[in-house]
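Okay, structure first, notes after.
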Protein chains: 2
Amino acid sequence: MSVLLKDIAEKTGFSINTVSRALRGDKKLSENTRRTICETAEMMGYVRNSAAALMRKGTSNEIGIISGDSSNPFFAEVVRGIEETAKQAGYRILLLNTDEFPEREADYMKTFVSMKVAGILIVPVFHDDVCQKIYRTISVPYYFVGRHVEGITGHSILHSDFQSQYDVTQSLINKGHRRILYIVGPENISNTIDRLNGYLKALDNNGIPRDPDLIIRTNGHIEDGFASINWALNRSLSFTAVACFNDLVAMGAIKALSENNYRVPDDIEVFGFDNLYISQFMQPSLSTVDVPKFALGKIAIETLLRHIGNPQLPYDDINLNTRLIFRKSTNDRLFLKEE
Amino acid sequence: MSVLLKDIAEKTGFSINTVSRALRGDKKLSENTRRTICETAEMMGYVRNSAAALMRKGTSNEIGIISGDSSNPFFAEVVRGIEETAKQAGYRILLLNTDEFPEREADYMKTFVSMKVAGILIVPVFHDDVCQKIYRTISVPYYFVGRHVEGITGHSILHSDFQSQYDVTQSLINKGHRRILYIVGPENISNTIDRLNGYLKALDNNGIPRDPDLIIRTNGHIEDGFASINWALNRSLSFTAVACFNDLVAMGAIKALSENNYRVPDDIEVFGFDNLYISQFMQPSLSTVDVPKFALGKIAIETLLRHIGNPQLPYDDINLNTRLIFRKSTNDRLFLKEE
DNA sequence: CCTTGCAGGGTTAACGTTAATCTAATAATT
DNA sequence: AATTATTAGATTAACGTTAACCCTGCAAGG
């Protein structure tokens, strides 16, 4: 069927072992032999059977990535950060997508373990018994990217969710807003929980009563932002600002506001979260929280690689800073409205 | 180290083979034995070494996907279509990203072949000698998704690039436009070539002279649309409509027009291509070509699976139809402008 | 001249799983 | 009762690669 080491060995007259070593660039072989073998292999169209190699070696040069929501460009940007560094270090990336289903997360974890990947980066759900059990018992190095998991410490690279949403809210309050609609993200992920808490804490600290009507739970997709605003307007809720779980939601929200003849930011100010690449091109351009997505991926893979290189290395959480970006979906002056 | 079939065999008193068969759900075993073994395996935390299994079986239950540009949500939507059907058929998806670099495409092809995947779906570049050689010699079933490759026939699932861009252009011409700016996509991919030809052909058929100034070559990213319009405006080019390689470019283009105080669609009409999910939420919502992305993925994987099931099956190109979607970045009346 | 060292390469035994083949015991058929 | 099928499971031999160890011959050193 396909060309094997054996075939190259027969053709060149060297042993299988020598061929194997030549193809892996073993220094102990003469330059001549190495070249002969490599050229013959190339000519015969040899492709290493990595299953066999892997079985023998016990570990591969692959990093498994379990991403949360493929429809959100956020993760694509993080993955880029991972990919580049991984490639330079000689590792390959394998990508699987859970779409936030915990069963898939558990399944994919097993898949990667079964594939003997060198390490795993995960965008996990917050609570799931099966997953948590896996995280507590697994021996492959792993890190959570941009999220944390209930009861598992030291394995997360985070980005100040609580503080950032607190700051966003405080910034809106500073400008005079008292009724700030918050569109919540998907349940069971830490970002949603932390950001919501940041929003609530800011209200509390400013003596603004929590109003359950102003908290709308969604799945964090673009259409959810759209639907949430329509729902709120239909119920005649009064609010002067909208803080969104993420930029996609904000995009949907702005669309709905605009269709209902509210001007953003003059009638209502809108704040996003993530700073997607497209957010600067939205109309109006979106004020948001800049999450260092590329750096997040880069630091995640660098940290993971360190653990792969040294299994003794103790694990530790890492937290990245964000910054608020003010664009045209908010004003840079006090919000004044006749009420 | 990790739990093996052998360990379970010792614990339960059955042979390794019986354990293996029980875990794979072999019908020839008594229900009792099967349950005992599975429960013991579960308890001991057994995870199959898929490298060993793969080596023995010679082929895996994985489909390799080589995608072109991870920053474009287009592919995420296609991959969803692939993923769902693949999962139902018991296959798993492995995703790699070339960012349009031919070397990576070739490298990843070898990777997947080396991994003994069951089949490969590729979003390929149009011309690359190394890649083309691989496509001509490879024995793993494969299909190109949404693109075709120079000199390789019968392996593409397409979506009427030429005709769609022709129709877009004709539609603009019908409304009175004579100077239509076309923002071209990345070189060396078939979509760019076919769409540009559709645009040119429509001009030709309507007796409109080709104007090289109205053709701007880009990489098809959002910032390219933005930069192209700024460039064109700086050069004081006159045009009344913009046809874009894709929706991202259109988004950037609209942004630039708007920042330069052109109203879309009243002063200038803009047409996209792809119909991304976000395009309906843009401001103004984008007129575009609806490419059936989910169906594209679904049909691609279905076709591929058929070939995996029956290697004798002859290969054939497939072409999907698109339709024009008219939203608010174009008017539904004749374009009239004092010139 | 004999040892030592080393470059260059060969031998052999795994790695963990699965498939083909075989065996024993029970059930069904005549 | 004797034969044949059937069921449930055991034995054994791969799958292709790699790593540990072994071998040979030549050059340098004493």
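Naming scheme: A, B, ... for chains in displayed order of the structure tokens; residues 1 onward per chain; ligands 1 onward as shown.
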- [ ] Do a neighbour search on C:DC6 at 12 Å with only C-alpha atoms (C1' of nucleotides), toss out local chain neighbours closer than 6 positions, and write the hits as number ranges by chain.
- [x] A: 28; D: 24-28
Write the residues you've just listed into a file as a short mmCIF file (atom, residue, chain, number, x, y, z; two decimals), in the first residue's frame, and include N, CA and C atoms (P, O5', C5', C4', C3', O3' and C1' of nucleotides) for each of them.
```cif
data_model
loop_
_atom_site.label_atom_id
_atom_site.label_comp_id
_atom_site.auth_asym_id
_atom_site.auth_seq_id
_atom_site.Cartn_x
_atom_site.Cartn_y
_atom_site.Cartn_z
N LYS A 28 24.33 11.12 14.25
CA LYS A 28 25.32 10.04 14.27
C LYS A 28 25.53 9.39 12.90
P DT D 24 31.10 -8.40 14.77
"O5'" DT D 24 31.79 -7.34 13.81
"C5'" DT D 24 31.02 -6.79 12.73
"C4'" DT D 24 31.71 -5.53 12.25
"C3'" DT D 24 33.23 -5.67 12.14
"O3'" DT D 24 33.57 -5.52 10.77
"C1'" DT D 24 32.61 -3.61 13.15
P DG D 25 35.03 -5.97 10.25
"O5'" DG D 25 35.74 -4.58 9.97
"C5'" DG D 25 35.02 -3.59 9.22
"C4'" DG D 25 35.65 -2.24 9.47
"C3'" DG D 25 37.19 -2.25 9.38
"O3'" DG D 25 37.60 -1.08 8.69
"C1'" DG D 25 36.53 -1.34 11.44
P DC D 26 38.99 -1.12 7.87
"O5'" DC D 26 39.54 0.33 8.20
"C5'" DC D 26 38.63 1.44 8.24
"C4'" DC D 26 39.04 2.38 9.35
"C3'" DC D 26 40.55 2.66 9.41
"O3'" DC D 26 40.77 4.04 9.37
"C1'" DC D 26 39.69 2.21 11.55
P DA D 27 42.24 4.60 8.95
"O5'" DA D 27 42.49 5.62 10.14
"C5'" DA D 27 41.40 6.44 10.59
"C4'" DA D 27 41.75 7.01 11.95
"C3'" DA D 27 43.21 7.42 12.09
"O3'" DA D 27 43.29 8.63 12.82
"C1'" DA D 27 42.67 5.80 13.74
P DA D 28 44.69 9.36 12.92
"O5'" DA D 28 44.89 9.38 14.49
"C5'" DA D 28 43.78 9.71 15.33
"C4'" DA D 28 44.10 9.33 16.76
"C3'" DA D 28 45.52 9.72 17.18
"O3'" DA D 28 45.44 10.30 18.48
"C1'" DA D 28 45.17 7.41 17.55
#
```
Near stretch 217-231 of chain B, within 7 Å and counting only C-alpha atoms (C1' of nucleotides), which residues show up once chain neighbours fewer than 5 positions away are dropped, as a compact mmCIF listing (two decimals) with C-alpha atoms, in the first residue's frame?
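In the end it all went to out_10.txt:
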```txt
# COMPACT_ATOMS: atom_id res chain seq x y z
CA ILE B 183 -12.53 45.49 -4.38
CA VAL B 184 -10.73 42.31 -5.29
CA GLY B 185 -9.89 39.52 -2.83
CA PRO B 186 -6.60 37.81 -2.03
CA PHE B 245 -15.04 40.56 -2.64
CA ASN B 246 -16.74 39.66 0.61
CA LEU B 248 -15.86 41.86 5.63
CA VAL B 249 -14.43 44.06 2.95
CA ALA B 250 -17.85 45.62 2.54
CA MET B 251 -18.01 46.39 6.22
CA GLY B 252 -14.71 48.20 6.05
CA ALA B 253 -15.80 49.98 2.91
CA LYS B 255 -17.12 52.46 7.45
CA ALA B 256 -14.74 54.44 5.27
CA LEU B 257 -17.55 55.88 3.16
```
Task: Interatomic distance (Å, one decimal) between atom CA of A:Pro314 and atom CA of A:Arg136 - done: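 The value is 14.6 Å.
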Task: C:DA14 surroundings by only C-alpha atoms (C1' of nucleotides), 12 Å radius, close-in-sequence under 6 positions cut, as a PyMOL selection string - done: (chain A and resi 55-57) or (chain D and resi 17-20)
Next, the residues of the selection above should be written as a PDB file, in the first residue's frame with N, CA and C atoms (P, O5', C5', C4', C3', O3' and C1' of nucleotides).
```pdb
ATOM      1  N   MET A  55       2.788   5.700  18.980  1.00  0.00           N
ATOM      2  CA  MET A  55       2.648   4.563  19.882  1.00  0.00           C
ATOM      3  C   MET A  55       3.975   4.204  20.513  1.00  0.00           C
ATOM      4  N   ARG A  56       4.990   4.256  19.700  1.00  0.00           N
ATOM      5  CA  ARG A  56       6.316   3.929  20.204  1.00  0.00           C
ATOM      6  C   ARG A  56       6.821   4.995  21.178  1.00  0.00           C
ATOM      7  N   LYS A  57       6.644   6.258  20.795  1.00  0.00           N
ATOM      8  CA  LYS A  57       7.198   7.335  21.602  1.00  0.00           C
ATOM      9  C   LYS A  57       6.353   7.656  22.835  1.00  0.00           C
TER      10      LYS A  57
ATOM     11  P    DT D  17       6.763   3.371   9.068  1.00  0.00           P
ATOM     12  O5'  DT D  17       7.327   3.602  10.532  1.00  0.00           O
ATOM     13  C5'  DT D  17       6.622   4.513  11.384  1.00  0.00           C
ATOM     14  C4'  DT D  17       7.116   4.428  12.798  1.00  0.00           C
ATOM     15  C3'  DT D  17       8.566   4.880  12.975  1.00  0.00           C
ATOM     16  O3'  DT D  17       8.543   6.147  13.624  1.00  0.00           O
ATOM     17  C1'  DT D  17       8.077   2.876  14.222  1.00  0.00           C
ATOM     18  P    DT D  18       9.931   6.909  13.826  1.00  0.00           P
ATOM     19  O5'  DT D  18      10.448   6.274  15.192  1.00  0.00           O
ATOM     20  C5'  DT D  18       9.684   6.485  16.363  1.00  0.00           C
ATOM     21  C4'  DT D  18      10.306   5.761  17.525  1.00  0.00           C
ATOM     22  C3'  DT D  18      11.727   6.201  17.883  1.00  0.00           C
ATOM     23  O3'  DT D  18      11.715   6.467  19.268  1.00  0.00           O
ATOM     24  C1'  DT D  18      11.629   3.848  17.679  1.00  0.00           C
ATOM     25  P    DA D  19      12.893   7.310  19.917  1.00  0.00           P
ATOM     26  O5'  DA D  19      13.568   6.249  20.878  1.00  0.00           O
ATOM     27  C5'  DA D  19      12.759   5.564  21.815  1.00  0.00           C
ATOM     28  C4'  DA D  19      13.587   4.509  22.514  1.00  0.00           C
ATOM     29  C3'  DA D  19      14.975   4.972  22.912  1.00  0.00           C
ATOM     30  O3'  DA D  19      15.294   4.356  24.149  1.00  0.00           O
ATOM     31  C1'  DA D  19      15.171   3.166  21.425  1.00  0.00           C
ATOM     32  P    DA D  20      16.531   4.907  24.991  1.00  0.00           P
ATOM     33  O5'  DA D  20      17.080   3.565  25.633  1.00  0.00           O
ATOM     34  C5'  DA D  20      16.201   2.449  25.817  1.00  0.00           C
ATOM     35  C4'  DA D  20      16.981   1.156  25.586  1.00  0.00           C
ATOM     36  C3'  DA D  20      18.438   1.241  26.027  1.00  0.00           C
ATOM     37  O3'  DA D  20      18.757   0.089  26.792  1.00  0.00           O
ATOM     38  C1'  DA D  20      18.300   0.510  23.784  1.00  0.00           C
TER      39       DA D  20
END
```
Open item on the list: as a PyMOL selection string, could you give me every residue of chain B near chain C (at most 12 Å apart, counting only C-alpha atoms (C1' of nucleotides))?
Closed with: chain B and resi 2-7+16-21+23-24+47-58
Selected residues written out, N, CA and C atoms, as a JSON list (two decimals), in the first residue's frame:
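So the final result, stored in out-v1.json, reads:
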```json
[["chain", "number", "residue", "atom", "x", "y", "z"],
["B", 2, "SER", "N", -0.48, 4.70, 32.64],
["B", 2, "SER", "CA", -1.94, 4.75, 32.43],
["B", 2, "SER", "C", -2.53, 3.34, 32.39],
["B", 3, "VAL", "N", -3.82, 3.27, 32.55],
["B", 3, "VAL", "CA", -4.52, 1.98, 32.58],
["B", 3, "VAL", "C", -4.59, 1.39, 31.17],
["B", 4, "LEU", "N", -4.27, 0.12, 31.07],
["B", 4, "LEU", "CA", -4.29, -0.55, 29.77],
["B", 4, "LEU", "C", -5.34, -1.65, 29.75],
["B", 5, "LEU", "N", -5.59, -2.14, 28.56],
["B", 5, "LEU", "CA", -6.51, -3.27, 28.42],
["B", 5, "LEU", "C", -6.05, -4.41, 29.32],
["B", 6, "LYS", "N", -4.76, -4.61, 29.34],
["B", 6, "LYS", "CA", -4.17, -5.69, 30.13],
["B", 6, "LYS", "C", -4.59, -5.60, 31.60],
["B", 7, "ASP", "N", -4.56, -4.38, 32.12],
["B", 7, "ASP", "CA", -4.91, -4.18, 33.52],
["B", 7, "ASP", "C", -6.36, -4.57, 33.79],
["B", 16, "ILE", "N", -7.45, -10.16, 27.27],
["B", 16, "ILE", "CA", -7.31, -8.81, 26.71],
["B", 16, "ILE", "C", -8.26, -8.60, 25.55],
["B", 17, "ASN", "N", -8.31, -9.61, 24.72],
["B", 17, "ASN", "CA", -9.16, -9.52, 23.54],
["B", 17, "ASN", "C", -10.62, -9.31, 23.92],
["B", 18, "THR", "N", -11.07, -10.04, 24.88],
["B", 18, "THR", "CA", -12.46, -9.89, 25.32],
["B", 18, "THR", "C", -12.72, -8.49, 25.85],
["B", 19, "VAL", "N", -11.77, -8.00, 26.59],
["B", 19, "VAL", "CA", -11.90, -6.64, 27.10],
["B", 19, "VAL", "C", -12.00, -5.64, 25.96],
["B", 20, "SER", "N", -11.10, -5.81, 25.00],
["B", 20, "SER", "CA", -11.10, -4.91, 23.85],
["B", 20, "SER", "C", -12.46, -4.94, 23.16],
["B", 21, "ARG", "N", -12.97, -6.15, 22.98],
["B", 21, "ARG", "CA", -14.25, -6.27, 22.27],
["B", 21, "ARG", "C", -15.40, -5.73, 23.10],
["B", 23, "LEU", "N", -15.29, -3.29, 25.16],
["B", 23, "LEU", "CA", -15.26, -1.83, 25.15],
["B", 23, "LEU", "C", -15.68, -1.27, 23.79],
["B", 24, "ARG", "N", -15.57, -2.09, 22.79],
["B", 24, "ARG", "CA", -16.02, -1.62, 21.47],
["B", 24, "ARG", "C", -17.47, -2.05, 21.19],
["B", 47, "VAL", "N", -8.58, 4.98, 29.37],
["B", 47, "VAL", "CA", -8.74, 5.76, 28.15],
["B", 47, "VAL", "C", -8.01, 5.03, 27.04],
["B", 48, "ARG", "N", -8.71, 4.75, 25.97],
["B", 48, "ARG", "CA", -8.10, 4.01, 24.88],
["B", 48, "ARG", "C", -6.89, 4.75, 24.34],
["B", 49, "ASN", "N", -5.84, 4.04, 24.07],
["B", 49, "ASN", "CA", -4.69, 4.60, 23.36],
["B", 49, "ASN", "C", -5.00, 4.56, 21.88],
["B", 50, "SER", "N", -5.44, 5.70, 21.38],
["B", 50, "SER", "CA", -5.94, 5.67, 20.00],
["B", 50, "SER", "C", -4.81, 5.53, 18.99],
["B", 51, "ALA", "N", -3.59, 5.84, 19.42],
["B", 51, "ALA", "CA", -2.46, 5.64, 18.52],
["B", 51, "ALA", "C", -2.31, 4.15, 18.22],
["B", 52, "ALA", "N", -2.40, 3.35, 19.27],
["B", 52, "ALA", "CA", -2.26, 1.91, 19.08],
["B", 52, "ALA", "C", -3.40, 1.36, 18.25],
["B", 53, "ALA", "N", -4.60, 1.82, 18.58],
["B", 53, "ALA", "CA", -5.76, 1.34, 17.83],
["B", 53, "ALA", "C", -5.63, 1.72, 16.36],
["B", 54, "LEU", "N", -5.24, 2.95, 16.16],
["B", 54, "LEU", "CA", -5.11, 3.44, 14.79],
["B", 54, "LEU", "C", -4.07, 2.65, 14.02],
["B", 55, "MET", "N", -2.98, 2.39, 14.68],
["B", 55, "MET", "CA", -1.92, 1.65, 13.99],
["B", 55, "MET", "C", -2.41, 0.28, 13.56],
["B", 56, "ARG", "N", -3.16, -0.33, 14.45],
["B", 56, "ARG", "CA", -3.68, -1.66, 14.12],
["B", 56, "ARG", "C", -4.74, -1.59, 13.01],
["B", 57, "LYS", "N", -5.63, -0.63, 13.14],
["B", 57, "LYS", "CA", -6.74, -0.56, 12.19],
["B", 57, "LYS", "C", -6.34, 0.05, 10.86],
["B", 58, "GLY", "N", -5.38, 0.94, 10.91],
["B", 58, "GLY", "CA", -4.91, 1.54, 9.67],
["B", 58, "GLY", "C", -5.67, 2.77, 9.25]]
```
Open item on the list: Using DSSP assignments from the backbone, pull out every residue in stretch 259-320 of chain A that falls under alpha helix (DSSP H) and give it to me as a list in words.
Closed with: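 Written out, the alpha helix (DSSP H) residues of stretch 259-320 of chain A are Glu259, Lys293, Phe294, Ala295, Leu296, Gly297, Lys298, Ile299, Ala300, Ile301, Glu302, Thr303, Leu304, Leu305, Arg306, His307, Ile308 and Gly309 of chain A.
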Just the selected residues (N, CA and C atoms), exported as an mmCIF file, in the first residue's frame, please.
```
data_model
loop_
_atom_site.group_PDB
_atom_site.id
_atom_site.type_symbol
_atom_site.label_atom_id
_atom_site.label_comp_id
_atom_site.auth_asym_id
_atom_site.auth_seq_id
_atom_site.Cartn_x
_atom_site.Cartn_y
_atom_site.Cartn_z
ATOM 1 N N GLU A 259 -32.956 50.559 14.930
ATOM 2 C CA GLU A 259 -34.220 50.275 14.230
ATOM 3 C C GLU A 259 -35.409 50.872 14.964
ATOM 4 N N LYS A 293 -6.389 39.465 23.314
ATOM 5 C CA LYS A 293 -6.693 38.120 22.851
ATOM 6 C C LYS A 293 -5.476 37.373 22.348
ATOM 7 N N PHE A 294 -4.723 38.068 21.521
ATOM 8 C CA PHE A 294 -3.520 37.429 20.983
ATOM 9 C C PHE A 294 -2.557 37.075 22.118
ATOM 10 N N ALA A 295 -2.352 38.033 23.000
ATOM 11 C CA ALA A 295 -1.456 37.800 24.144
ATOM 12 C C ALA A 295 -1.990 36.679 25.024
ATOM 13 N N LEU A 296 -3.273 36.632 25.170
ATOM 14 C CA LEU A 296 -3.893 35.583 25.963
ATOM 15 C C LEU A 296 -3.510 34.208 25.417
ATOM 16 N N GLY A 297 -3.653 34.075 24.115
ATOM 17 C CA GLY A 297 -3.290 32.812 23.490
ATOM 18 C C GLY A 297 -1.801 32.547 23.610
ATOM 19 N N LYS A 298 -1.032 33.580 23.397
ATOM 20 C CA LYS A 298 0.421 33.437 23.420
ATOM 21 C C LYS A 298 0.921 33.027 24.810
ATOM 22 N N ILE A 299 0.420 33.726 25.807
ATOM 23 C CA ILE A 299 0.843 33.408 27.165
ATOM 24 C C ILE A 299 0.357 32.026 27.579
ATOM 25 N N ALA A 300 -0.824 31.701 27.138
ATOM 26 C CA ALA A 300 -1.371 30.378 27.469
ATOM 27 C C ALA A 300 -0.468 29.272 26.922
ATOM 28 N N ILE A 301 -0.107 29.393 25.677
ATOM 29 C CA ILE A 301 0.697 28.325 25.085
ATOM 30 C C ILE A 301 2.112 28.337 25.650
ATOM 31 N N GLU A 302 2.631 29.514 25.906
ATOM 32 C CA GLU A 302 3.976 29.579 26.484
ATOM 33 C C GLU A 302 4.004 28.903 27.859
ATOM 34 N N THR A 303 3.006 29.224 28.631
ATOM 35 C CA THR A 303 2.922 28.625 29.964
ATOM 36 C C THR A 303 2.757 27.106 29.856
ATOM 37 N N LEU A 304 1.890 26.716 28.965
ATOM 38 C CA LEU A 304 1.668 25.286 28.789
ATOM 39 C C LEU A 304 2.947 24.579 28.360
ATOM 40 N N LEU A 305 3.640 25.181 27.437
ATOM 41 C CA LEU A 305 4.875 24.565 26.951
ATOM 42 C C LEU A 305 5.895 24.431 28.079
ATOM 43 N N ARG A 306 5.907 25.404 28.954
ATOM 44 C CA ARG A 306 6.813 25.312 30.093
ATOM 45 C C ARG A 306 6.474 24.097 30.944
ATOM 46 N N HIS A 307 5.188 23.882 31.109
ATOM 47 C CA HIS A 307 4.771 22.722 31.908
ATOM 48 C C HIS A 307 5.050 21.414 31.185
ATOM 49 N N ILE A 308 4.940 21.447 29.890
ATOM 50 C CA ILE A 308 5.248 20.246 29.121
ATOM 51 C C ILE A 308 6.732 19.912 29.272
ATOM 52 N N GLY A 309 7.536 20.964 29.231
ATOM 53 C CA GLY A 309 8.974 20.767 29.355
ATOM 54 C C GLY A 309 9.393 20.329 30.748
#
```
TODO: Calculate how many Å separate atom CA of A:Met43 from atom CA of B:Asp129, rounding to one decimal.
DONE: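 Value for the atom CA of A:Met43-atom CA of B:Asp129 distance: 15.6 Å.
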Stretch 98-241 of chain A: residues DSSP assigns to strand (DSSP E), reported as a PDB file with C-alpha atoms, in the first residue's frame:
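Saved to states-v7.pdb:
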```pdb
ATOM      1  CA  GLY A 119      -0.813  19.377  26.302  1.00  0.00           C
ATOM      2  CA  ILE A 120      -4.318  20.804  26.191  1.00  0.00           C
ATOM      3  CA  LEU A 121      -5.727  24.312  26.226  1.00  0.00           C
ATOM      4  CA  ILE A 122      -9.383  24.571  27.087  1.00  0.00           C
ATOM      5  CA  TYR A 142      -3.469  21.684  30.609  1.00  0.00           C
ATOM      6  CA  TYR A 143      -4.587  25.265  31.053  1.00  0.00           C
ATOM      7  CA  PHE A 144      -7.900  27.065  30.849  1.00  0.00           C
ATOM      8  CA  VAL A 145      -7.865  30.014  28.525  1.00  0.00           C
ATOM      9  CA  SER A 156      -6.332  29.461  34.430  1.00  0.00           C
ATOM     10  CA  ILE A 157      -5.103  32.319  32.309  1.00  0.00           C
ATOM     11  CA  LEU A 158      -7.627  35.066  32.942  1.00  0.00           C
ATOM     12  CA  ILE A 180     -28.007  50.631  33.059  1.00  0.00           C
ATOM     13  CA  LEU A 181     -29.314  47.621  31.209  1.00  0.00           C
ATOM     14  CA  TYR A 182     -27.001  44.647  31.445  1.00  0.00           C
ATOM     15  CA  ILE A 183     -27.224  41.901  28.866  1.00  0.00           C
ATOM     16  CA  VAL A 184     -25.834  38.791  30.494  1.00  0.00           C
ATOM     17  CA  ILE A 215     -30.674  42.192  33.791  1.00  0.00           C
ATOM     18  CA  ILE A 216     -31.404  40.107  30.738  1.00  0.00           C
ATOM     19  CA  ARG A 217     -29.995  36.627  30.433  1.00  0.00           C
ATOM     20  CA  ALA A 241     -27.170  52.832  28.846  1.00  0.00           C
TER      21      ALA A 241
END
```
Open item on the list: Report, in Å with one decimal, the straight-line distance from atom CA of B:Phe14 to atom CA of A:Ser114.
Closed with: 22.9 Å
- [ ] Report as a PyMOL selection string the set of chain D residues whose atoms approach chain B to within 7 Å, with distances computed over only C-alpha atoms (C1' of nucleotides).
- [x] chain D and resi 8-10+15
TODO: Tell me which of B:Tyr262, B:Tyr108, B:Phe281, B:Phe326 sits closest to chain A, counting only C-alpha atoms.
DONE: B:Phe281
- [ ] Write out as a ChimeraX atom specification the residues lying within 12 Å of A:Arg333, counting only C-alpha atoms (C1' of nucleotides) and excluding same-chain residues fewer than 6 positions away.
- [x] /A:171-172,174-177,265-266,269,326
Task: Shortest interatomic distance to chain B - which of A:Asn275, A:Thr288, A:Gln280, A:Gln170, counting only C-alpha atoms - done: A:Gln280
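Between chain B and the residues A:Leu233, A:Ile93, A:Ile37, A:Met44, the shortest atom-to-atom distance, using only C-alpha atoms, involves A:Ile93.
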